[in-house]
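*Asks:* So here's final.pdb (PDB, C-alpha atoms and all ligand atoms).
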ATOM      1  CA  MET A 231     139.630   6.149 128.650  1.00  0.00           C
ATOM      2  CA  ARG A 232     136.038   6.857 127.713  1.00  0.00           C
ATOM      3  CA  LYS A 233     135.456   8.231 131.214  1.00  0.00           C
ATOM      4  CA  LEU A 234     138.450  10.555 130.882  1.00  0.00           C
ATOM      5  CA  ILE A 235     137.177  11.923 127.558  1.00  0.00           C
ATOM      6  CA  SER A 236     133.740  12.533 129.110  1.00  0.00           C
ATOM      7  CA  TRP A 237     135.346  14.462 131.985  1.00  0.00           C
ATOM      8  CA  ILE A 238     137.473  16.570 129.647  1.00  0.00           C
ATOM      9  CA  LEU A 239     134.409  17.333 127.517  1.00  0.00           C
ATOM     10  CA  LEU A 240     132.417  18.291 130.607  1.00  0.00           C
ATOM     11  CA  VAL A 241     135.160  20.657 131.812  1.00  0.00           C
ATOM     12  CA  VAL A 242     135.523  22.250 128.369  1.00  0.00           C
ATOM     13  CA  LEU A 243     131.746  22.696 128.116  1.00  0.00           C
ATOM     14  CA  PHE A 244     131.704  24.264 131.576  1.00  0.00           C
ATOM     15  CA  ILE A 245     134.504  26.703 130.790  1.00  0.00           C
ATOM     16  CA  PHE A 246     133.473  27.594 127.242  1.00  0.00           C
ATOM     17  CA  PRO A 247     129.710  27.062 127.106  1.00  0.00           C
ATOM     18  CA  THR A 248     129.098  29.676 124.412  1.00  0.00           C
ATOM     19  CA  SER A 249     131.675  28.286 122.019  1.00  0.00           C
ATOM     20  CA  PHE A 250     129.338  25.363 121.341  1.00  0.00           C
ATOM     21  CA  HIS A 251     126.449  27.466 120.091  1.00  0.00           C
ATOM     22  CA  LEU A 252     125.857  27.049 116.389  1.00  0.00           C
ATOM     23  CA  SER A 253     126.209  30.078 114.190  1.00  0.00           C
ATOM     24  CA  ALA A 254     123.298  30.813 111.821  1.00  0.00           C
ATOM     25  CA  GLU A 255     125.429  29.561 108.936  1.00  0.00           C
ATOM     26  CA  GLU A 256     126.214  26.229 110.592  1.00  0.00           C
ATOM     27  CA  ALA A 257     122.544  25.630 111.283  1.00  0.00           C
ATOM     28  CA  TYR A 258     121.557  25.459 107.608  1.00  0.00           C
ATOM     29  CA  GLY A 259     120.155  22.034 106.897  1.00  0.00           C
ATOM     30  CA  LYS A 260     118.610  21.842 110.366  1.00  0.00           C
ATOM     31  CA  VAL A 261     115.031  20.552 110.526  1.00  0.00           C
ATOM     32  CA  TYR A 262     112.467  22.700 112.350  1.00  0.00           C
ATOM     33  CA  CYS A 263     109.075  21.372 113.430  1.00  0.00           C
ATOM     34  CA  ARG A 264     108.432  24.108 116.007  1.00  0.00           C
ATOM     35  CA  ASN A 265     110.347  26.537 118.196  1.00  0.00           C
ATOM     36  CA  THR A 266     109.764  25.857 121.867  1.00  0.00           C
ATOM     37  CA  ASN A 267     111.558  29.108 122.694  1.00  0.00           C
ATOM     38  CA  CYS A 268     108.974  31.339 121.172  1.00  0.00           C
ATOM     39  CA  GLU A 269     106.472  32.629 123.709  1.00  0.00           C
ATOM     40  CA  GLY A 270     103.132  33.636 122.201  1.00  0.00           C
ATOM     41  CA  LYS A 271     104.124  33.176 118.549  1.00  0.00           C
ATOM     42  CA  ILE A 272     102.755  30.687 116.010  1.00  0.00           C
ATOM     43  CA  ALA A 273     103.169  30.257 112.236  1.00  0.00           C
ATOM     44  CA  LEU A 274     100.579  29.344 109.624  1.00  0.00           C
ATOM     45  CA  THR A 275     101.991  27.648 106.523  1.00  0.00           C
ATOM     46  CA  PHE A 276     100.296  26.899 103.198  1.00  0.00           C
ATOM     47  CA  ASP A 277     101.717  24.335 100.761  1.00  0.00           C
ATOM     48  CA  ASP A 278     101.311  23.412  97.097  1.00  0.00           C
ATOM     49  CA  GLY A 279     100.205  26.732  95.559  1.00  0.00           C
ATOM     50  CA  PRO A 280     100.069  29.267  94.215  1.00  0.00           C
ATOM     51  CA  HIS A 281      96.535  28.569  93.046  1.00  0.00           C
ATOM     52  CA  PRO A 282      94.441  31.123  91.119  1.00  0.00           C
ATOM     53  CA  ARG A 283      91.434  30.785  93.407  1.00  0.00           C
ATOM     54  CA  TYR A 284      92.491  29.632  96.870  1.00  0.00           C
ATOM     55  CA  THR A 285      95.745  31.571  97.287  1.00  0.00           C
ATOM     56  CA  LYS A 286      93.782  34.765  96.639  1.00  0.00           C
ATOM     57  CA  GLU A 287      91.008  33.749  99.007  1.00  0.00           C
ATOM     58  CA  ILE A 288      93.457  32.836 101.796  1.00  0.00           C
ATOM     59  CA  LEU A 289      95.371  36.110 101.358  1.00  0.00           C
ATOM     60  CA  ALA A 290      92.095  38.045 101.659  1.00  0.00           C
ATOM     61  CA  ILE A 291      91.310  36.271 104.956  1.00  0.00           C
ATOM     62  CA  LEU A 292      94.835  36.908 106.312  1.00  0.00           C
ATOM     63  CA  GLU A 293      94.551  40.558 105.339  1.00  0.00           C
ATOM     64  CA  GLU A 294      91.138  40.887 106.968  1.00  0.00           C
ATOM     65  CA  TYR A 295      92.627  39.784 110.302  1.00  0.00           C
ATOM     66  CA  HIS A 296      95.992  41.529 109.738  1.00  0.00           C
ATOM     67  CA  VAL A 297      97.967  38.331 110.147  1.00  0.00           C
ATOM     68  CA  THR A 298     100.908  36.949 108.188  1.00  0.00           C
ATOM     69  CA  ALA A 299     101.901  33.438 107.037  1.00  0.00           C
ATOM     70  CA  THR A 300     104.360  31.457 104.909  1.00  0.00           C
ATOM     71  CA  PHE A 301     103.570  29.874 101.528  1.00  0.00           C
ATOM     72  CA  PHE A 302     105.686  26.891 100.433  1.00  0.00           C
ATOM     73  CA  ILE A 303     105.166  27.085  96.723  1.00  0.00           C
ATOM     74  CA  ILE A 304     105.636  24.570  93.917  1.00  0.00           C
ATOM     75  CA  GLY A 305     107.795  26.027  91.117  1.00  0.00           C
ATOM     76  CA  VAL A 306     105.614  24.841  88.263  1.00  0.00           C
ATOM     77  CA  ASN A 307     102.533  26.462  89.868  1.00  0.00           C
ATOM     78  CA  ALA A 308     104.444  29.723  90.295  1.00  0.00           C
ATOM     79  CA  GLN A 309     105.369  29.485  86.618  1.00  0.00           C
ATOM     80  CA  ASN A 310     101.696  28.985  85.680  1.00  0.00           C
ATOM     81  CA  TYR A 311     100.267  31.573  88.080  1.00  0.00           C
ATOM     82  CA  PRO A 312     102.906  34.313  88.462  1.00  0.00           C
ATOM     83  CA  ASP A 313     100.309  36.933  89.448  1.00  0.00           C
ATOM     84  CA  ASP A 314      99.306  34.847  92.444  1.00  0.00           C
ATOM     85  CA  LEU A 315     102.934  34.419  93.484  1.00  0.00           C
ATOM     86  CA  GLN A 316     103.425  38.184  93.323  1.00  0.00           C
ATOM     87  CA  ARG A 317     100.214  38.674  95.285  1.00  0.00           C
ATOM     88  CA  ILE A 318     101.773  36.663  98.149  1.00  0.00           C
ATOM     89  CA  ILE A 319     104.870  38.891  98.106  1.00  0.00           C
ATOM     90  CA  LYS A 320     102.799  42.102  98.014  1.00  0.00           C
ATOM     91  CA  SER A 321     100.781  40.925 101.025  1.00  0.00           C
ATOM     92  CA  GLY A 322     103.998  40.771 103.089  1.00  0.00           C
ATOM     93  CA  CYS A 323     103.790  36.993 103.572  1.00  0.00           C
ATOM     94  CA  GLU A 324     106.876  34.801 103.226  1.00  0.00           C
ATOM     95  CA  ILE A 325     107.606  32.419 100.360  1.00  0.00           C
ATOM     96  CA  GLY A 326     109.381  29.089 100.792  1.00  0.00           C
ATOM     97  CA  ASN A 327     110.686  26.492  98.331  1.00  0.00           C
ATOM     98  CA  HIS A 328     108.563  23.300  97.996  1.00  0.00           C
ATOM     99  CA  THR A 329     110.461  21.935  94.925  1.00  0.00           C
ATOM    100  CA  TYR A 330     109.678  22.533  91.272  1.00  0.00           C
ATOM    101  CA  SER A 331     107.263  19.667  90.607  1.00  0.00           C
ATOM    102  CA  HIS A 332     106.484  18.002  93.972  1.00  0.00           C
ATOM    103  CA  LEU A 333     107.988  14.605  93.107  1.00  0.00           C
ATOM    104  CA  PRO A 334     108.615  12.000  95.840  1.00  0.00           C
ATOM    105  CA  ILE A 335     112.107  12.744  97.208  1.00  0.00           C
ATOM    106  CA  LYS A 336     113.033   9.099  97.771  1.00  0.00           C
ATOM    107  CA  LYS A 337     112.649   8.235  94.097  1.00  0.00           C
ATOM    108  CA  LEU A 338     114.977  10.994  92.857  1.00  0.00           C
ATOM    109  CA  SER A 339     118.687  10.758  92.055  1.00  0.00           C
ATOM    110  CA  ALA A 340     120.959  13.289  93.779  1.00  0.00           C
ATOM    111  CA  GLU A 341     121.121  15.296  90.569  1.00  0.00           C
ATOM    112  CA  ALA A 342     117.349  15.268  89.998  1.00  0.00           C
ATOM    113  CA  LEU A 343     116.784  16.314  93.612  1.00  0.00           C
ATOM    114  CA  GLN A 344     119.146  19.258  93.282  1.00  0.00           C
ATOM    115  CA  ASN A 345     117.427  20.288  90.036  1.00  0.00           C
ATOM    116  CA  GLU A 346     114.036  20.239  91.749  1.00  0.00           C
ATOM    117  CA  ILE A 347     115.280  22.649  94.418  1.00  0.00           C
ATOM    118  CA  VAL A 348     117.308  24.905  92.124  1.00  0.00           C
ATOM    119  CA  GLN A 349     114.560  25.156  89.498  1.00  0.00           C
ATOM    120  CA  CYS A 350     111.991  26.230  92.087  1.00  0.00           C
ATOM    121  CA  GLU A 351     114.414  28.764  93.596  1.00  0.00           C
ATOM    122  CA  ASP A 352     115.293  30.167  90.153  1.00  0.00           C
ATOM    123  CA  THR A 353     111.604  30.486  89.218  1.00  0.00           C
ATOM    124  CA  ILE A 354     110.921  32.473  92.391  1.00  0.00           C
ATOM    125  CA  TYR A 355     113.998  34.625  91.733  1.00  0.00           C
ATOM    126  CA  ARG A 356     112.980  35.323  88.138  1.00  0.00           C
ATOM    127  CA  LEU A 357     109.418  36.283  89.118  1.00  0.00           C
ATOM    128  CA  CYS A 358     110.052  38.069  92.423  1.00  0.00           C
ATOM    129  CA  GLY A 359     113.762  38.958  92.555  1.00  0.00           C
ATOM    130  CA  PHE A 360     114.665  37.122  95.739  1.00  0.00           C
ATOM    131  CA  ARG A 361     115.833  33.666  96.774  1.00  0.00           C
ATOM    132  CA  PRO A 362     113.932  31.883  99.566  1.00  0.00           C
ATOM    133  CA  ARG A 363     115.895  30.458 102.512  1.00  0.00           C
ATOM    134  CA  VAL A 364     113.262  28.087 103.880  1.00  0.00           C
ATOM    135  CA  PHE A 365     112.444  24.727 102.302  1.00  0.00           C
ATOM    136  CA  ARG A 366     109.765  22.125 102.932  1.00  0.00           C
ATOM    137  CA  PRO A 367     110.082  18.699 101.270  1.00  0.00           C
ATOM    138  CA  PRO A 368     106.993  17.237  99.547  1.00  0.00           C
ATOM    139  CA  GLU A 369     105.025  15.082 102.030  1.00  0.00           C
ATOM    140  CA  GLY A 370     107.639  16.028 104.660  1.00  0.00           C
ATOM    141  CA  MET A 371     109.924  13.240 103.389  1.00  0.00           C
ATOM    142  CA  MET A 372     113.532  13.587 104.546  1.00  0.00           C
ATOM    143  CA  ASN A 373     116.798  11.727 104.108  1.00  0.00           C
ATOM    144  CA  ASP A 374     120.474  12.475 104.770  1.00  0.00           C
ATOM    145  CA  ALA A 375     121.225  13.290 101.123  1.00  0.00           C
ATOM    146  CA  LEU A 376     118.514  15.949 101.144  1.00  0.00           C
ATOM    147  CA  LYS A 377     119.676  17.398 104.462  1.00  0.00           C
ATOM    148  CA  GLY A 378     123.271  17.628 103.201  1.00  0.00           C
ATOM    149  CA  LEU A 379     122.204  19.256  99.977  1.00  0.00           C
ATOM    150  CA  LEU A 380     119.991  21.820 101.703  1.00  0.00           C
ATOM    151  CA  SER A 381     122.743  22.636 104.160  1.00  0.00           C
ATOM    152  CA  GLN A 382     125.138  23.338 101.267  1.00  0.00           C
ATOM    153  CA  MET A 383     122.474  25.426  99.545  1.00  0.00           C
ATOM    154  CA  GLU A 384     121.950  27.410 102.778  1.00  0.00           C
ATOM    155  CA  TYR A 385     118.352  26.434 103.420  1.00  0.00           C
ATOM    156  CA  HIS A 386     116.522  25.923 106.706  1.00  0.00           C
ATOM    157  CA  ILE A 387     114.247  22.866 106.535  1.00  0.00           C
ATOM    158  CA  VAL A 388     110.768  23.498 107.892  1.00  0.00           C
ATOM    159  CA  LEU A 389     108.277  20.740 108.666  1.00  0.00           C
ATOM    160  CA  TRP A 390     105.357  21.277 111.085  1.00  0.00           C
ATOM    161  CA  SER A 391     104.078  20.437 114.559  1.00  0.00           C
ATOM    162  CA  ILE A 392     100.332  20.529 113.786  1.00  0.00           C
ATOM    163  CA  ASP A 393      98.873  18.889 110.677  1.00  0.00           C
ATOM    164  CA  THR A 394      95.366  20.249 110.083  1.00  0.00           C
ATOM    165  CA  MET A 395      94.670  17.362 107.643  1.00  0.00           C
ATOM    166  CA  ASP A 396      93.051  19.844 105.272  1.00  0.00           C
ATOM    167  CA  TRP A 397      94.780  17.823 102.521  1.00  0.00           C
ATOM    168  CA  ALA A 398      92.196  15.082 103.265  1.00  0.00           C
ATOM    169  CA  LEU A 399      89.370  17.665 103.017  1.00  0.00           C
ATOM    170  CA  THR A 400      88.758  17.334 106.769  1.00  0.00           C
ATOM    171  CA  PRO A 401      85.634  19.353 107.704  1.00  0.00           C
ATOM    172  CA  SER A 402      86.460  22.869 108.930  1.00  0.00           C
ATOM    173  CA  SER A 403      84.785  22.302 112.332  1.00  0.00           C
ATOM    174  CA  GLU A 404      87.035  19.281 112.911  1.00  0.00           C
ATOM    175  CA  ILE A 405      90.156  21.240 111.888  1.00  0.00           C
ATOM    176  CA  TYR A 406      89.105  23.955 114.332  1.00  0.00           C
ATOM    177  CA  ARG A 407      88.636  21.448 117.176  1.00  0.00           C
ATOM    178  CA  ASN A 408      91.946  19.695 116.520  1.00  0.00           C
ATOM    179  CA  VAL A 409      94.049  22.825 116.241  1.00  0.00           C
ATOM    180  CA  THR A 410      92.505  24.710 119.156  1.00  0.00           C
ATOM    181  CA  GLY A 411      92.882  21.579 121.316  1.00  0.00           C
ATOM    182  CA  LYS A 412      96.595  21.187 120.547  1.00  0.00           C
ATOM    183  CA  ILE A 413      98.061  24.627 119.969  1.00  0.00           C
ATOM    184  CA  HIS A 414     101.066  25.902 121.946  1.00  0.00           C
ATOM    185  CA  SER A 415     103.521  28.767 121.528  1.00  0.00           C
ATOM    186  CA  GLY A 416     106.023  28.066 118.753  1.00  0.00           C
ATOM    187  CA  ASP A 417     103.804  25.710 116.757  1.00  0.00           C
ATOM    188  CA  ILE A 418     104.045  25.503 112.961  1.00  0.00           C
ATOM    189  CA  ILE A 419     100.637  24.722 111.443  1.00  0.00           C
ATOM    190  CA  LEU A 420     100.424  22.805 108.147  1.00  0.00           C
ATOM    191  CA  MET A 421      97.670  23.856 105.725  1.00  0.00           C
ATOM    192  CA  HIS A 422      97.334  24.002 101.922  1.00  0.00           C
ATOM    193  CA  ASP A 423      96.330  26.621  99.373  1.00  0.00           C
ATOM    194  CA  TYR A 424      95.724  23.836  96.899  1.00  0.00           C
ATOM    195  CA  VAL A 425      94.056  20.478  97.579  1.00  0.00           C
ATOM    196  CA  SER A 426      92.789  18.326  94.746  1.00  0.00           C
ATOM    197  CA  GLY A 427      88.980  18.024  94.742  1.00  0.00           C
ATOM    198  CA  GLY A 428      87.884  20.826  97.085  1.00  0.00           C
ATOM    199  CA  ASN A 429      88.807  23.132  99.938  1.00  0.00           C
ATOM    200  CA  THR A 430      87.960  23.182 103.624  1.00  0.00           C
ATOM    201  CA  THR A 431      90.973  25.359 104.478  1.00  0.00           C
ATOM    202  CA  CYS A 432      89.379  28.773 103.945  1.00  0.00           C
ATOM    203  CA  LYS A 433      86.366  28.014 106.147  1.00  0.00           C
ATOM    204  CA  ALA A 434      88.645  26.562 108.828  1.00  0.00           C
ATOM    205  CA  LEU A 435      90.798  29.709 108.768  1.00  0.00           C
ATOM    206  CA  ARG A 436      87.763  31.895 109.405  1.00  0.00           C
ATOM    207  CA  LEU A 437      87.093  29.876 112.560  1.00  0.00           C
ATOM    208  CA  LEU A 438      90.692  29.478 113.683  1.00  0.00           C
ATOM    209  CA  ILE A 439      92.262  32.901 113.245  1.00  0.00           C
ATOM    210  CA  PRO A 440      89.828  34.902 115.434  1.00  0.00           C
ATOM    211  CA  GLU A 441      89.981  32.243 118.167  1.00  0.00           C
ATOM    212  CA  LEU A 442      93.799  32.121 118.190  1.00  0.00           C
ATOM    213  CA  LEU A 443      93.996  35.925 118.181  1.00  0.00           C
ATOM    214  CA  ALA A 444      91.564  36.017 121.105  1.00  0.00           C
ATOM    215  CA  ARG A 445      93.900  33.634 122.973  1.00  0.00           C
ATOM    216  CA  GLY A 446      96.671  36.193 122.496  1.00  0.00           C
ATOM    217  CA  TYR A 447      98.772  34.420 119.865  1.00  0.00           C
ATOM    218  CA  GLU A 448     100.814  36.454 117.400  1.00  0.00           C
ATOM    219  CA  PHE A 449     101.024  35.083 113.845  1.00  0.00           C
ATOM    220  CA  VAL A 450     104.518  35.287 112.353  1.00  0.00           C
ATOM    221  CA  THR A 451     106.315  33.868 109.299  1.00  0.00           C
ATOM    222  CA  VAL A 452     108.317  30.658 109.808  1.00  0.00           C
ATOM    223  CA  SER A 453     111.584  32.563 109.368  1.00  0.00           C
ATOM    224  CA  GLU A 454     110.567  34.863 112.230  1.00  0.00           C
ATOM    225  CA  LEU A 455     109.457  31.885 114.307  1.00  0.00           C
ATOM    226  CA  ILE A 456     112.725  29.936 113.992  1.00  0.00           C
ATOM    227  CA  GLN A 457     114.893  33.039 114.366  1.00  0.00           C
ATOM    228  CA  GLY A 458     116.965  32.840 117.519  1.00  0.00           C
ATOM    229  CA  ASP A 459     116.768  29.043 117.518  1.00  0.00           C
ATOM    230  CA  HIS A 460     119.804  28.835 115.237  1.00  0.00           C
ATOM    231  CA  GLU A 461     122.099  31.516 116.606  1.00  0.00           C
TER
HETATM  232 ZN    ZN B 501     103.174  19.546  99.247  1.00  0.00          ZN
END
Have the structure of the file written as structure tokens, please.
Ligand SMILES: [Zn+2]

*Replies:*
Amino acid sequence: MRKLISWILLVVLFIFPTSFHLSAEEAYGKVYCRNTNCEGKIALTFDDGPHPRYTKEILAILEEYHVTATFFIIGVNAQNYPDDLQRIIKSGCEIGNHTYSHLPIKKLSAEALQNEIVQCEDTIYRLCGFRPRVFRPPEGMMNDALKGLLSQMEYHIVLWSIDTMDWALTPSSEIYRNVTGKIHSGDIILMHDYVSGGNTTCKALRLLIPELLARGYEFVTVSELIQGDHE
């Protein structure tokens, strides 16, 4: 019986291959770490801001090299530093939802989790007039409840394929070595515009961006990077 079902499925797939492609709508709630179908493109992402010093500094570096990026912001920081949030928008970079107060997902009730996402989205909407469609969970923690919720709320879930470890204040030369040794088309690079106790991110960016540009990579936002992977 199982064999028969497999054969029927195979025949149906052969005859109607396109009918099994997901529509963009159905793909909400999908988790993206990279897009292997994305020749020459990479995405820088910065979590945990906006921050009054480092967001500005990072934006200045991006502008200097004419490259774009995505900022996964924490709602309470946007509330405290609205000018820096608006600075990100004006620069043409993308903004993503990183919850309102960066609490550990696993410890939250379903209701508290939803509030964390909605409150961050509403804060961005109130300050910038748009609702983000990309979400990154704090610490990259995922579970089925969160996936279901984000699918209902029409979010794409974005993790990363390269962790620069700037959150551990890794020296910039080491970040440079790690990233340039690993990078491929379609990679999503995790960095931070706020790290408690210091910052090695800005110095690392000044080393990384010119090298990656020289290798021919194009920097795009995560939404641009994952586009086409969910159609
Ligand atoms: Zn974070």

*Asks:* Would you compute the distance between atom CA of His296 of chain A and atom CA of Ser415 of chain A? Give it in Å to one decimal.

*Replies:*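 Computed distance, atom CA of His296 of chain A to atom CA of Ser415 of chain A, equals 18.9 Å.
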
*Asks:* Apply the PyMOL selection byres (((not hetatm)) within 12 of (chain B and resi 501)) to the structure shown and report the selected residues as a PyMOL selection string.

*Replies:* chain A and resi 275-280+301-305+307+326-335+365-371+389+396-397+420-426

*Asks:* Running the PyMOL selection byres (((chain A and resi 266) around 12) and not hetatm) on this model by hand, what would come out? Give it as a ChimeraX atom specification.

*Replies:* /A:262-265,267-272,391,413-418,455-459

*Asks:* For atom CA of Ile439 of chain A and atom CA of Ala299 of chain A, determine how far apart the two atoms are, in Å to one decimal place.

*Replies:*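 Going from atom CA of Ile439 of chain A over to atom CA of Ala299 of chain A, I get 11.5 Å.
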
*Asks:* Atom CA of Asn310 of chain A and atom CA of Cys358 of chain A, how far apart in Å?

*Replies:* 14.1 Å

*Asks:* Could you pull the residues within 9 Å of Leu442 of chain A, counting all atoms listed in the file, minus those fewer than 5 positions along the same chain, as a short mmCIF file (atom, residue, chain, number, x, y, z; two decimals) with C-alpha atoms, in the frame of the given file?

*Replies:*
data_model
loop_
_atom_site.label_atom_id
_atom_site.label_comp_id
_atom_site.auth_asym_id
_atom_site.auth_seq_id
_atom_site.Cartn_x
_atom_site.Cartn_y
_atom_site.Cartn_z
CA THR A 410 92.50 24.71 119.16
CA ILE A 413 98.06 24.63 119.97
CA TYR A 447 98.77 34.42 119.86
CA GLU A 448 100.81 36.45 117.40
CA PHE A 449 101.02 35.08 113.84
#
